[in-house]
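Below is the file target.cif, which contains mmCIF, C-alpha atoms.
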```cif
data_model
#
loop_
_atom_site.label_atom_id
_atom_site.label_comp_id
_atom_site.auth_asym_id
_atom_site.auth_seq_id
_atom_site.Cartn_x
_atom_site.Cartn_y
_atom_site.Cartn_z
CA PRO A 1 -42.52 -54.57 -20.61
CA PHE A 2 -43.37 -55.80 -17.09
CA LEU A 3 -41.14 -53.53 -15.02
CA ALA A 4 -41.76 -50.48 -17.15
CA GLN A 5 -45.46 -51.03 -16.65
CA ALA A 6 -45.05 -51.14 -12.88
CA TYR A 7 -43.06 -47.95 -12.90
CA GLU A 8 -45.68 -46.14 -14.97
CA ASP A 9 -48.18 -46.94 -12.24
CA THR A 10 -46.31 -45.11 -9.48
CA GLN A 11 -47.63 -41.85 -8.09
CA CYS A 12 -44.33 -40.17 -8.97
CA PHE A 13 -44.79 -40.94 -12.64
CA LYS A 14 -48.49 -40.07 -12.70
CA CYS A 15 -47.93 -36.59 -11.22
CA HIS A 16 -44.65 -35.67 -12.85
CA THR A 17 -45.88 -36.50 -16.35
CA SER A 18 -49.02 -34.39 -15.94
CA ALA A 19 -48.42 -30.71 -16.62
CA LYS A 20 -51.88 -29.91 -15.28
CA LYS A 21 -51.19 -31.61 -11.96
CA LEU A 22 -47.77 -29.98 -11.66
CA ILE A 23 -49.15 -26.49 -12.31
CA GLU A 24 -51.70 -27.06 -9.55
CA ILE A 25 -49.06 -28.22 -7.07
CA THR A 26 -46.43 -25.58 -7.90
CA ARG A 27 -49.05 -22.83 -7.51
CA GLU A 28 -49.90 -24.19 -4.10
CA ILE A 29 -46.22 -24.28 -3.14
CA ALA A 30 -45.69 -20.72 -4.40
CA LYS A 31 -48.21 -19.41 -1.84
CA THR A 32 -45.94 -20.30 1.05
CA ARG A 33 -42.41 -20.59 -0.30
CA ARG A 34 -40.19 -17.50 -0.21
CA VAL A 35 -37.78 -16.32 -2.90
CA VAL A 36 -34.45 -18.08 -2.85
CA LYS A 37 -32.24 -15.33 -4.27
CA SER A 38 -31.20 -12.30 -2.26
CA PRO A 39 -32.33 -8.98 -3.76
CA GLU A 40 -29.07 -7.50 -2.47
CA ILE A 41 -26.93 -9.20 -5.12
CA GLU A 42 -25.01 -6.59 -7.12
CA GLY A 43 -22.70 -7.04 -10.06
CA GLU A 44 -21.96 -9.92 -12.37
CA GLY A 45 -21.44 -13.39 -10.93
CA MET B 1 -31.23 -18.16 -21.06
CA GLU B 2 -35.00 -18.28 -20.85
CA PRO B 3 -36.20 -19.03 -17.30
CA LEU B 4 -38.37 -22.10 -16.73
CA ALA B 5 -41.80 -21.96 -15.09
CA PRO B 6 -41.88 -23.92 -11.80
CA HIS B 7 -43.88 -26.78 -13.31
CA GLU B 8 -41.60 -26.97 -16.37
CA LYS B 9 -38.63 -27.55 -14.09
CA ILE B 10 -40.04 -30.83 -12.82
CA PHE B 11 -42.14 -32.09 -15.74
CA VAL B 12 -41.07 -35.61 -16.74
CA ASP B 13 -41.45 -36.58 -20.38
CA SER B 14 -43.07 -40.02 -20.60
CA ASP B 15 -40.65 -40.75 -23.45
CA ILE B 16 -38.20 -41.66 -20.71
CA LEU B 17 -39.82 -45.10 -20.84
CA ASP B 18 -38.27 -45.51 -24.27
CA ASP B 19 -34.77 -45.08 -22.83
CA GLU B 20 -33.74 -48.71 -22.66
CA ASN B 21 -31.16 -47.97 -19.97
CA HIS B 22 -32.28 -45.16 -17.69
CA GLY B 23 -35.94 -45.78 -18.46
CA MET B 24 -35.72 -49.11 -16.65
CA ILE B 25 -34.89 -47.49 -13.32
CA ALA B 26 -37.90 -46.44 -11.26
CA CYS B 27 -37.95 -42.90 -9.83
CA HIS B 28 -37.67 -43.98 -6.20
CA GLU B 29 -34.65 -46.19 -6.87
CA CYS B 30 -32.54 -43.07 -7.25
CA HIS B 31 -34.59 -40.40 -5.51
CA GLY B 32 -36.18 -42.25 -2.59
CA GLY B 33 -39.58 -41.06 -1.31
CA ASN B 34 -42.76 -43.12 -1.32
CA PRO B 35 -43.89 -44.01 -4.85
CA ASP B 36 -47.30 -45.29 -3.67
CA ASP B 37 -48.36 -42.30 -1.58
CA PRO B 38 -51.01 -40.23 -3.43
CA ASN B 39 -50.38 -37.19 -1.18
CA TRP B 40 -47.53 -35.20 -2.71
CA LYS B 41 -46.73 -33.51 0.61
CA THR B 42 -45.89 -36.78 2.34
CA ALA B 43 -44.77 -38.74 -0.73
CA HIS B 44 -41.69 -36.51 -0.92
CA ASP B 45 -40.48 -37.29 2.60
CA GLY B 46 -36.89 -38.42 2.27
CA VAL B 47 -36.64 -37.49 -1.40
CA ILE B 48 -33.11 -36.80 -2.61
CA LYS B 49 -33.28 -34.01 -5.17
CA ASP B 50 -29.93 -34.76 -6.79
CA PRO B 51 -28.84 -38.34 -6.06
CA THR B 52 -25.60 -37.73 -7.98
CA TYR B 53 -24.17 -35.15 -5.56
CA PRO B 54 -21.87 -35.34 -3.69
CA ASP B 55 -21.37 -39.02 -4.54
CA ALA B 56 -22.64 -40.54 -7.77
CA THR B 57 -21.63 -44.11 -6.98
CA ALA B 58 -25.07 -45.33 -5.93
CA ALA B 59 -27.03 -43.61 -8.70
CA CYS B 60 -24.65 -43.92 -11.66
CA GLY B 61 -21.83 -46.19 -10.56
CA ASP B 62 -23.42 -49.53 -11.41
CA CYS B 63 -23.09 -48.84 -15.11
CA HIS B 64 -20.78 -45.80 -15.35
CA ASP B 65 -18.29 -47.18 -12.87
CA GLU B 66 -15.11 -45.58 -14.19
CA ILE B 67 -16.65 -42.12 -14.50
CA SER B 68 -18.26 -42.21 -11.07
CA GLU B 69 -15.02 -43.46 -9.53
CA HIS B 70 -13.18 -40.33 -10.70
CA TYR B 71 -16.12 -37.99 -10.38
CA ARG B 72 -15.46 -36.58 -6.91
CA LYS B 73 -12.03 -35.35 -7.97
CA SER B 74 -13.27 -33.61 -11.10
CA LEU B 75 -12.92 -29.86 -10.69
CA HIS B 76 -16.62 -29.19 -11.29
CA VAL B 77 -17.42 -31.29 -8.24
CA SER B 78 -14.45 -30.85 -5.91
CA LEU B 79 -13.85 -27.12 -6.53
CA ARG B 80 -10.42 -27.87 -5.08
CA PRO B 81 -8.65 -24.85 -6.64
CA TYR B 82 -11.08 -22.47 -4.90
CA ARG B 83 -10.21 -23.92 -1.53
CA LEU B 84 -6.45 -23.97 -2.16
CA MET B 85 -6.37 -20.37 -3.43
CA ILE B 86 -8.38 -18.98 -0.52
CA HIS B 87 -6.39 -21.00 2.02
CA GLU B 88 -3.19 -19.62 0.52
CA ARG B 89 -4.44 -16.08 1.16
CA ALA B 90 -6.18 -16.83 4.48
CA ASN B 91 -5.19 -15.92 8.01
CA THR B 92 -3.31 -18.83 9.59
CA SER B 93 -5.30 -18.66 12.83
CA ALA B 94 -7.44 -21.82 13.01
CA GLY B 95 -10.45 -19.97 14.44
CA ILE B 96 -10.46 -17.37 11.69
CA ARG B 97 -9.82 -19.98 9.02
CA ASP B 98 -12.89 -21.91 10.21
CA LYS B 99 -15.01 -18.80 9.71
CA VAL B 100 -13.57 -18.29 6.23
CA GLU B 101 -14.39 -21.92 5.45
CA HIS B 102 -17.93 -21.36 6.73
CA ALA B 103 -18.27 -18.33 4.44
CA MET B 104 -16.98 -20.32 1.49
CA ASN B 105 -19.58 -23.01 2.15
CA ASP B 106 -22.29 -20.34 2.06
CA HIS B 107 -21.00 -18.81 -1.17
CA CYS B 108 -18.12 -20.19 -3.24
CA PHE B 109 -18.91 -23.89 -2.80
CA ARG B 110 -22.50 -23.51 -3.93
CA CYS B 111 -21.35 -23.24 -7.52
CA HIS B 112 -20.58 -26.89 -8.18
CA SER B 113 -22.05 -29.28 -10.69
CA SER B 114 -22.83 -33.00 -10.70
CA CYS B 115 -23.70 -35.78 -13.15
CA GLY B 116 -27.37 -34.82 -12.92
CA GLN B 117 -26.75 -31.09 -13.11
CA CYS B 118 -25.15 -31.43 -16.54
CA HIS B 119 -26.91 -34.40 -18.11
CA ILE B 120 -30.47 -34.06 -16.74
CA SER B 121 -31.08 -30.57 -15.40
CA ARG B 122 -29.69 -27.08 -15.48
CA PRO B 123 -27.20 -26.58 -12.64
CA THR B 124 -28.72 -25.64 -9.28
CA PRO B 125 -26.79 -22.32 -9.01
CA VAL B 126 -28.75 -21.13 -12.05
CA GLU B 127 -32.03 -22.30 -10.51
CA GLY B 128 -32.09 -25.82 -11.95
CA GLY B 129 -34.95 -27.37 -13.91
CA PHE B 130 -34.95 -30.31 -16.28
CA LEU B 131 -33.22 -29.76 -19.61
CA ASP B 132 -35.82 -31.84 -21.42
CA GLY B 133 -38.30 -33.62 -19.20
CA HIS B 134 -35.68 -35.66 -17.29
CA LEU B 135 -34.53 -37.26 -20.53
CA PHE B 136 -30.81 -37.97 -20.24
CA GLN B 137 -28.67 -35.73 -22.45
CA ARG B 138 -25.49 -37.42 -23.59
CA LYS B 139 -24.04 -34.02 -24.55
CA PRO B 140 -25.19 -31.25 -22.22
CA PRO B 141 -26.64 -28.31 -24.18
CA MET B 142 -24.07 -25.50 -24.14
CA GLN B 143 -26.30 -22.54 -23.38
CA GLU B 144 -28.38 -24.22 -20.68
CA VAL B 145 -25.47 -25.85 -18.89
CA CYS B 146 -21.96 -24.57 -19.66
CA THR B 147 -22.60 -20.89 -20.29
CA ALA B 148 -25.45 -20.80 -17.79
CA CYS B 149 -22.74 -20.82 -15.10
CA HIS B 150 -19.73 -19.57 -17.05
CA GLY B 151 -21.71 -16.54 -18.15
CA ALA B 152 -20.30 -13.16 -17.21
CA ARG B 153 -16.84 -13.81 -18.61
CA ILE B 154 -16.60 -16.88 -20.85
CA ALA B 155 -20.04 -16.77 -22.47
CA LYS B 156 -19.92 -13.07 -23.24
CA GLU B 157 -16.46 -13.45 -24.74
CA TYR B 158 -17.25 -16.56 -26.74
CA LEU B 159 -20.60 -15.38 -28.05
CA GLY B 160 -19.38 -11.85 -28.80
CA GLU B 161 -21.67 -10.12 -26.31
CA ASN B 162 -19.12 -7.60 -25.03
CA GLU B 163 -19.60 -4.26 -26.73
CA GLY B 164 -17.15 -3.71 -29.56
CA VAL B 165 -15.60 -7.18 -29.26
CA LEU B 166 -16.08 -9.86 -31.90
CA PRO B 167 -17.19 -13.40 -31.04
CA ASP B 168 -14.61 -16.16 -30.85
CA VAL B 169 -13.69 -17.45 -34.30
CA HIS B 170 -14.47 -20.99 -33.14
CA ARG B 171 -18.00 -19.89 -32.27
CA GLU B 172 -18.36 -18.69 -35.84
CA LYS B 173 -17.51 -22.24 -36.90
CA TYR B 174 -20.40 -23.43 -34.68
CA MET B 175 -18.11 -25.19 -32.24
CA ARG B 176 -19.60 -25.91 -28.84
CA CYS B 177 -17.69 -26.07 -25.57
CA ASP B 178 -17.28 -29.84 -25.76
CA LYS B 179 -15.23 -29.53 -28.94
CA CYS B 180 -12.28 -28.39 -26.80
CA HIS B 181 -13.53 -29.57 -23.40
CA PRO B 182 -14.78 -33.14 -24.00
CA GLY B 183 -16.41 -35.41 -21.44
CA ASP B 184 -13.10 -37.02 -20.50
CA GLU B 185 -11.79 -33.69 -19.25
CA MET B 186 -15.04 -32.77 -17.50
CA HIS B 187 -15.38 -36.12 -15.75
CA GLY B 188 -11.86 -36.00 -14.32
CA ASN B 189 -9.22 -38.70 -14.45
CA GLY B 190 -8.89 -39.46 -10.76
CA ARG B 191 -6.03 -37.03 -10.18
CA GLU B 192 -6.33 -33.99 -7.95
CA TYR B 193 -5.24 -30.70 -9.46
CA ALA B 194 -4.36 -27.39 -7.87
CA ASN B 195 -5.78 -25.41 -10.78
CA ARG B 196 -7.48 -26.00 -14.10
CA TYR B 197 -4.33 -25.27 -16.07
CA GLU B 198 -2.71 -28.42 -14.68
CA VAL B 199 -5.43 -30.76 -15.96
CA GLU B 200 -3.62 -33.34 -18.02
CA ASN B 201 -6.20 -33.65 -20.78
CA GLY B 202 -7.14 -29.98 -20.79
CA PRO B 203 -7.38 -28.23 -24.15
CA LYS B 204 -4.33 -27.23 -26.17
CA CYS B 205 -4.58 -25.13 -29.32
CA VAL B 206 -1.97 -27.34 -31.01
CA ASN B 207 -4.20 -30.38 -30.62
CA CYS B 208 -5.98 -29.08 -33.73
CA HIS B 209 -3.51 -26.52 -35.08
CA LYS B 210 -0.77 -29.12 -35.43
CA GLU B 211 0.84 -27.56 -38.49
CA ILE B 212 1.67 -24.06 -37.28
CA TYR B 213 5.38 -24.75 -36.67
CA ASN B 214 5.84 -26.79 -39.85
CA ARG B 215 8.05 -25.60 -42.66
CA GLY B 216 5.93 -23.84 -45.25
CA ALA B 217 3.01 -23.20 -42.89
CA GLU B 218 1.46 -19.76 -42.94
CA ASN B 219 3.13 -17.36 -40.47
CA VAL B 220 5.57 -20.12 -39.50
CA ILE B 221 8.38 -17.65 -38.74
CA THR B 222 6.23 -15.65 -36.33
CA HIS B 223 4.97 -18.80 -34.65
CA ARG B 224 8.45 -20.28 -34.30
CA ILE B 225 9.92 -17.03 -32.92
CA HIS B 226 7.24 -16.80 -30.24
CA LYS B 227 7.00 -20.52 -29.41
CA ASP B 228 7.19 -20.96 -25.62
CA LYS B 229 7.66 -17.19 -25.20
CA ALA B 230 4.06 -16.01 -25.49
CA SER B 231 0.80 -17.90 -25.01
CA CYS B 232 -1.51 -18.14 -28.02
CA GLN B 233 -3.91 -15.68 -26.36
CA VAL B 234 -1.25 -12.96 -26.19
CA CYS B 235 -1.45 -12.58 -29.97
CA HIS B 236 -4.93 -13.94 -30.68
CA ALA B 237 -7.26 -12.76 -27.87
CA GLN B 238 -9.28 -9.54 -27.74
CA PRO B 239 -10.12 -7.38 -24.71
CA TYR B 240 -11.91 -9.40 -22.02
CA LYS B 241 -13.87 -8.93 -18.81
CA ASN B 242 -12.11 -8.10 -15.53
CA CYS B 243 -13.79 -7.46 -12.20
CA SER B 244 -12.88 -6.34 -8.71
CA THR B 245 -13.78 -6.23 -5.05
CA CYS B 246 -16.27 -9.00 -4.40
CA HIS B 247 -17.75 -8.90 -0.91
CA VAL B 248 -20.06 -11.64 0.32
CA GLY B 249 -22.62 -11.66 3.11
CA LYS B 250 -26.16 -12.55 4.10
CA ASP B 251 -29.17 -10.26 3.93
CA LYS B 252 -31.70 -9.80 6.75
CA SER B 253 -33.60 -12.89 5.55
CA GLY B 254 -30.43 -14.96 5.79
CA LEU B 255 -30.03 -15.27 2.03
CA PRO B 256 -26.46 -15.17 0.72
CA PHE B 257 -25.47 -12.30 -1.56
CA TYR B 258 -22.38 -10.90 -3.24
CA LYS B 259 -21.53 -7.40 -4.38
CA THR B 260 -18.79 -6.62 -6.87
CA ARG B 261 -17.51 -3.08 -7.21
CA ALA B 262 -16.76 -2.89 -10.90
CA SER B 263 -16.17 -4.81 -14.09
CA TRP B 264 -14.41 -3.56 -17.18
CA LEU B 265 -12.97 -4.71 -20.49
CA ASP B 266 -9.20 -4.72 -20.72
CA PHE B 267 -6.31 -6.58 -22.29
CA LYS B 268 -3.11 -6.98 -20.31
CA ILE B 269 -0.04 -9.06 -21.03
CA GLY B 270 2.00 -10.00 -17.97
CA LEU B 271 4.59 -12.44 -16.70
CA ASN B 272 3.37 -16.01 -16.43
CA PRO B 273 2.57 -16.83 -12.77
CA LEU B 274 2.07 -20.55 -13.49
CA LYS B 275 5.03 -21.61 -15.59
CA SER B 276 5.05 -25.35 -16.28
CA ASP B 277 6.12 -27.84 -18.94
CA LYS B 278 2.66 -27.46 -20.41
CA ARG B 279 2.69 -23.64 -20.24
CA PRO B 280 6.32 -22.55 -20.41
CA TYR B 281 5.53 -19.08 -21.78
CA ARG B 282 7.17 -15.98 -20.39
CA PHE B 283 4.22 -13.77 -21.38
CA VAL B 284 0.54 -14.57 -20.90
CA THR B 285 -2.75 -12.69 -20.77
CA LEU B 286 -3.81 -11.75 -17.24
CA ARG B 287 -7.29 -11.15 -15.83
CA HIS B 288 -8.06 -9.11 -12.70
CA VAL B 289 -10.12 -11.36 -10.42
CA PRO B 290 -12.59 -10.07 -7.81
CA VAL B 291 -11.02 -11.37 -4.61
CA ASP B 292 -10.35 -8.59 -2.10
CA ARG B 293 -8.81 -8.28 1.36
CA GLY B 294 -12.32 -7.68 2.72
CA THR B 295 -14.15 -10.35 0.72
CA PHE B 296 -15.20 -12.22 3.89
CA ASP B 297 -15.50 -9.23 6.28
CA PHE B 298 -19.18 -10.00 6.89
CA TYR B 299 -18.11 -13.30 8.50
CA VAL B 300 -14.74 -12.44 10.01
CA LYS B 301 -12.37 -9.47 10.03
CA ASP B 302 -8.82 -10.12 8.85
CA GLY B 303 -9.86 -13.31 7.08
CA LEU B 304 -7.34 -12.89 4.27
CA THR B 305 -4.24 -11.53 6.00
CA ASN B 306 -2.01 -13.42 3.55
CA PHE B 307 -3.75 -11.77 0.63
CA ASP B 308 -0.43 -10.89 -1.01
CA ASN B 309 0.65 -14.53 -1.35
CA LEU B 310 -0.97 -14.80 -4.79
CA PRO B 311 -1.50 -12.34 -7.65
CA ILE B 312 -4.87 -10.68 -8.30
CA TRP B 313 -4.01 -10.42 -11.98
CA LYS B 314 -4.16 -14.12 -12.82
CA LEU B 315 -3.27 -16.27 -15.78
CA ALA B 316 -6.24 -16.16 -18.14
CA THR B 317 -7.25 -17.81 -21.37
CA PRO B 318 -9.86 -15.47 -22.83
CA HIS B 319 -12.38 -17.23 -25.05
CA ASN B 320 -12.55 -14.58 -27.76
CA ILE B 321 -9.86 -15.79 -30.14
CA ARG B 322 -9.44 -14.18 -33.57
CA ARG B 323 -6.93 -14.94 -36.28
CA LYS B 324 -6.22 -11.24 -36.75
CA THR B 325 -6.13 -8.86 -33.80
CA PRO B 326 -4.84 -5.31 -33.35
CA GLN B 327 -1.77 -6.57 -31.48
CA ASN B 328 -0.73 -9.10 -34.14
CA LYS B 329 -1.16 -6.76 -37.10
CA SER B 330 2.60 -6.17 -37.20
CA CYS B 331 5.61 -6.74 -34.95
CA ASN B 332 5.47 -3.21 -33.58
CA ALA B 333 1.76 -3.38 -32.87
CA CYS B 334 2.93 -5.29 -29.79
CA HIS B 335 6.69 -4.76 -29.45
CA GLY B 336 7.30 -1.48 -27.67
CA ASN B 337 3.56 -0.99 -27.12
CA GLY B 338 3.68 -0.31 -23.38
CA PRO B 339 -0.08 -0.01 -22.70
CA LEU B 340 -0.61 -3.65 -23.72
CA PHE B 341 1.57 -4.79 -20.82
CA LEU B 342 0.69 -4.82 -17.13
CA GLN B 343 3.00 -2.21 -15.68
CA ASP B 344 3.48 -0.92 -12.16
CA LYS B 345 1.33 2.13 -12.87
CA ASP B 346 -1.62 -0.10 -13.90
CA VAL B 347 -1.80 -1.75 -10.48
CA GLU B 348 -3.51 -0.22 -7.45
CA ASP B 349 -1.15 0.62 -4.58
CA ASN B 350 -2.69 -1.93 -2.21
CA GLU B 351 -2.27 -4.69 -4.82
CA LYS B 352 1.31 -4.01 -5.89
CA GLU B 353 2.85 -6.53 -3.49
CA ALA B 354 0.46 -9.32 -4.53
CA ASN B 355 1.12 -8.69 -8.22
CA LYS B 356 4.86 -8.05 -8.16
CA GLY B 357 5.52 -11.40 -9.84
CA VAL B 358 3.33 -10.67 -12.86
CA ILE B 359 4.01 -6.96 -13.47
CA VAL B 360 6.24 -6.45 -16.52
CA PRO B 361 9.18 -4.14 -15.73
CA ALA B 362 9.99 -1.60 -18.46
CA ASN B 363 13.21 -3.41 -19.42
CA LEU B 364 11.28 -6.63 -20.18
CA ILE B 365 8.76 -5.08 -22.58
CA PRO B 366 9.87 -6.35 -26.00
CA ARG B 367 11.62 -3.60 -27.97
CA ARG B 368 10.38 -2.20 -31.26
CA GLN B 369 11.61 -4.16 -34.28
CA LYS B 370 13.08 -2.86 -37.52
CA TRP B 371 12.50 -6.22 -39.19
CA GLN B 372 9.16 -7.68 -40.20
CA PRO B 373 8.80 -11.33 -41.32
CA LYS B 374 7.28 -11.83 -44.76
#
```
Take the structure in the file and write it out as structure tokens.
Amino acid sequence: PFLAQAYEDTQCFKCHTSAKKLIEITREIAKTRRVVKSPEIEGEG
Amino acid sequence: MEPLAPHEKIFVDSDILDDENHGMIACHECHGGNPDDPNWKTAHDGVIKDPTYPDATAACGDCHDEISEHYRKSLHVSLRPYRLMIHERANTSAGIRDKVEHAMNDHCFRCHSSCGQCHISRPTPVEGGFLDGHLFQRKPPMQEVCTACHGARIAKEYLGENEGVLPDVHREKYMRCDKCHPGDEMHGNGREYANRYEVENGPKCVNCHKEIYNRGAENVITHRIHKDKASCQVCHAQPYKNCSTCHVGKDKSGLPFYKTRASWLDFKIGLNPLKSDKRPYRFVTLRHVPVDRGTFDFYVKDGLTNFDNLPIWKLATPHNIRRKTPQNKSCNACHGNGPLFLQDKDVEDNEKEANKGVIVPANLIPRRQKWQPK
């Protein structure tokens, strides 16, 4: 279990396995990040 | 397909630790970034979102060496047929061709996949997001991966979502895409192909329906008479989606967009534009594709001056197969039934030259029969 334990302790794992933390961060990102799809798309892709 | 909330797209299920293979690889080994930085804004410096595209060797190759070796030539990654088809139609001037290539990079080439975009997340062109908390999916889920991209035509045909058209009979048997298109085909075999119909281990109906030409098999006479003359879809497909006039560009924010003029359901039998040992048929089903002389006008005028080099009505294999269809009800449901065939009058004037090789002249439309096999 030694390596798995070390990997559980990383910041990546702590944040990305916490829905609460991710909701907080994605809300913060949404304040500044624009839409990524053009509203001018017409028709079926 | 239900959209994912932003946090759902990146939520990692801690069950990944139970994966005795992938669960042993730390996040930063594939994705980079700083795993010890508590500030998410700086921790993500240098993060690689999809470490399996465009080259999966570093992320997957240590264990999946054969697959990752062939991966870059698989059609879902290379998109080689797109490039070849557009180059065939493109202006031969190097300057103009560069601009067409630039336009393709902004539009056509965005619709690729990768190891990660089938086995871990939804494909990026459909806005991505983990399939199930970054757990590795041996078989990608059909409706979140395959039909998420192959939606407007294949999915609607297969699932029976076109008005008045039944779902594919194989769907009714609960078959998923990988039943006919297994991993070996998707991963590529290291060979480069000019189109998907050349793929050596691509699907063939007779892989399962081995008995149809055997003595005593049901409808054996009909199948033997039409062997190598008509593709299976000619008798067994239903009307399918066609579309036209796709123009691409960028809006005032610089975001890429496309506009297609129309789409409609139709069923047209034409002459086979891609005859080969594998597909020797004289007659095949044809689909009108959306390429247009002005597709790239936003980027460069006269981009596709050799537009007529290839047909716009292209070989198609509609995914809405039925055992019984209106055209196979009797011999004369098809023979002598002019409207089923792509004729000169069905083709727009400015597309006649491009399609001259697939239009069926009146003298080639099979004549009405007096005889009907038992």
Using all atoms listed in the file and a cutoff of 8 Å, can you tell me which residues are near (-19.2, -15.7, 4.5) in the file's coordinates, and write them out as JSON, numbers by chain? {"B": [99, 100, 101, 102, 103, 104, 105, 106, 107, 248, 249, 250, 296, 297, 298, 299, 300]}
Dump as a PDB file, in the frame of the given file, selection limited to C-alpha atoms:
```pdb
ATOM      1  CA  LYS B  99     -15.010 -18.800   9.710  1.00  0.00           C
ATOM      2  CA  VAL B 100     -13.570 -18.290   6.230  1.00  0.00           C
ATOM      3  CA  GLU B 101     -14.390 -21.920   5.450  1.00  0.00           C
ATOM      4  CA  HIS B 102     -17.930 -21.360   6.730  1.00  0.00           C
ATOM      5  CA  ALA B 103     -18.270 -18.330   4.440  1.00  0.00           C
ATOM      6  CA  MET B 104     -16.980 -20.320   1.490  1.00  0.00           C
ATOM      7  CA  ASN B 105     -19.580 -23.010   2.150  1.00  0.00           C
ATOM      8  CA  ASP B 106     -22.290 -20.340   2.060  1.00  0.00           C
ATOM      9  CA  HIS B 107     -21.000 -18.810  -1.170  1.00  0.00           C
ATOM     10  CA  VAL B 248     -20.060 -11.640   0.320  1.00  0.00           C
ATOM     11  CA  GLY B 249     -22.620 -11.660   3.110  1.00  0.00           C
ATOM     12  CA  LYS B 250     -26.160 -12.550   4.100  1.00  0.00           C
ATOM     13  CA  PHE B 296     -15.200 -12.220   3.890  1.00  0.00           C
ATOM     14  CA  ASP B 297     -15.500  -9.230   6.280  1.00  0.00           C
ATOM     15  CA  PHE B 298     -19.180 -10.000   6.890  1.00  0.00           C
ATOM     16  CA  TYR B 299     -18.110 -13.300   8.500  1.00  0.00           C
ATOM     17  CA  VAL B 300     -14.740 -12.440  10.010  1.00  0.00           C
TER      18      VAL B 300
END
```
Applied to this file, what does the PyMOL selection byres ((chain B) within 9 of (chain A)) return in terms of residues, put as a PyMOL selection string? chain B and resi 6-8+10-14+17+23-28+34-40+43+133+149-153+243+246+250-251+253-263
Do you know which residues the PyMOL selection byres ((chain B and resi 112) around 9) returns on this file, as a PyMOL selection string? chain B and resi 75-79+108-111+113-114+117+123-125
Since we have the selection now, will you write its residues out, keeping C-alpha atoms, as a compact mmCIF listing (two decimals), keeping the file's coordinate frame?
```txt
# COMPACT_ATOMS: atom_id res chain seq x y z
CA LEU B 75 -12.92 -29.86 -10.69
CA HIS B 76 -16.62 -29.19 -11.29
CA VAL B 77 -17.42 -31.29 -8.24
CA SER B 78 -14.45 -30.85 -5.91
CA LEU B 79 -13.85 -27.12 -6.53
CA CYS B 108 -18.12 -20.19 -3.24
CA PHE B 109 -18.91 -23.89 -2.80
CA ARG B 110 -22.50 -23.51 -3.93
CA CYS B 111 -21.35 -23.24 -7.52
CA SER B 113 -22.05 -29.28 -10.69
CA SER B 114 -22.83 -33.00 -10.70
CA GLN B 117 -26.75 -31.09 -13.11
CA PRO B 123 -27.20 -26.58 -12.64
CA THR B 124 -28.72 -25.64 -9.28
CA PRO B 125 -26.79 -22.32 -9.01
```
My list of candidates is B:Lys301, B:Arg322, B:Arg138, B:Arg367. Which is closest to Asn91 (chain B) when distances are computed with all atoms listed in the file? B:Lys301
Give me the residues within 9 Å of Tyr197 (chain B) as a PyMOL selection string, counting all atoms listed in the file and dropping any in the same chain fewer than 2 places off. chain B and resi 193-195+199-200+202+274+278-279
Protein, DNA and RNA residues within 12 Å of (-5.7, -28.6, -25.9), only C-alpha atoms, as a short mmCIF file (atom, residue, chain, number, x, y, z; two decimals) with C-alpha atoms, in the frame of the given file:
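Written output follows (selection-v9.cif):
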```
data_model
loop_
_atom_site.label_atom_id
_atom_site.label_comp_id
_atom_site.auth_asym_id
_atom_site.auth_seq_id
_atom_site.Cartn_x
_atom_site.Cartn_y
_atom_site.Cartn_z
CA ASP B 178 -17.28 -29.84 -25.76
CA LYS B 179 -15.23 -29.53 -28.94
CA CYS B 180 -12.28 -28.39 -26.80
CA HIS B 181 -13.53 -29.57 -23.40
CA PRO B 182 -14.78 -33.14 -24.00
CA GLU B 185 -11.79 -33.69 -19.25
CA TYR B 197 -4.33 -25.27 -16.07
CA GLU B 198 -2.71 -28.42 -14.68
CA VAL B 199 -5.43 -30.76 -15.96
CA GLU B 200 -3.62 -33.34 -18.02
CA ASN B 201 -6.20 -33.65 -20.78
CA GLY B 202 -7.14 -29.98 -20.79
CA PRO B 203 -7.38 -28.23 -24.15
CA LYS B 204 -4.33 -27.23 -26.17
CA CYS B 205 -4.58 -25.13 -29.32
CA VAL B 206 -1.97 -27.34 -31.01
CA ASN B 207 -4.20 -30.38 -30.62
CA CYS B 208 -5.98 -29.08 -33.73
CA HIS B 209 -3.51 -26.52 -35.08
CA LYS B 210 -0.77 -29.12 -35.43
CA CYS B 232 -1.51 -18.14 -28.02
CA LYS B 278 2.66 -27.46 -20.41
CA ARG B 279 2.69 -23.64 -20.24
CA THR B 317 -7.25 -17.81 -21.37
#
```
Computed gap from CA of Glu172 (chain B) to CA of Val234 (chain B) is 20.5 Å
How far is it from CA of Thr52 (chain B) to CA of Arg97 (chain B), in Å with one decimal? 29.2 Å
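In this model, the gap between CA of Ile67 (chain B) and CA of Gly188 (chain B) comes to 7.8 Å.
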Do you know which residues are at most 10 Å from Met1 (chain B) counting all atoms listed in the file, after dropping those on the same chain fewer than 3 positions away, and could you put them as a ChimeraX atom specification? /B:4,126,143-145,147-148
Just C-alpha atoms for this one: save the residues we selected as a compact mmCIF listing (two decimals), keeping the file's coordinate frame.
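Once written, out_1.txt looks like this:
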```txt
# COMPACT_ATOMS: atom_id res chain seq x y z
CA LEU B 4 -38.37 -22.10 -16.73
CA VAL B 126 -28.75 -21.13 -12.05
CA GLN B 143 -26.30 -22.54 -23.38
CA GLU B 144 -28.38 -24.22 -20.68
CA VAL B 145 -25.47 -25.85 -18.89
CA THR B 147 -22.60 -20.89 -20.29
CA ALA B 148 -25.45 -20.80 -17.79
```
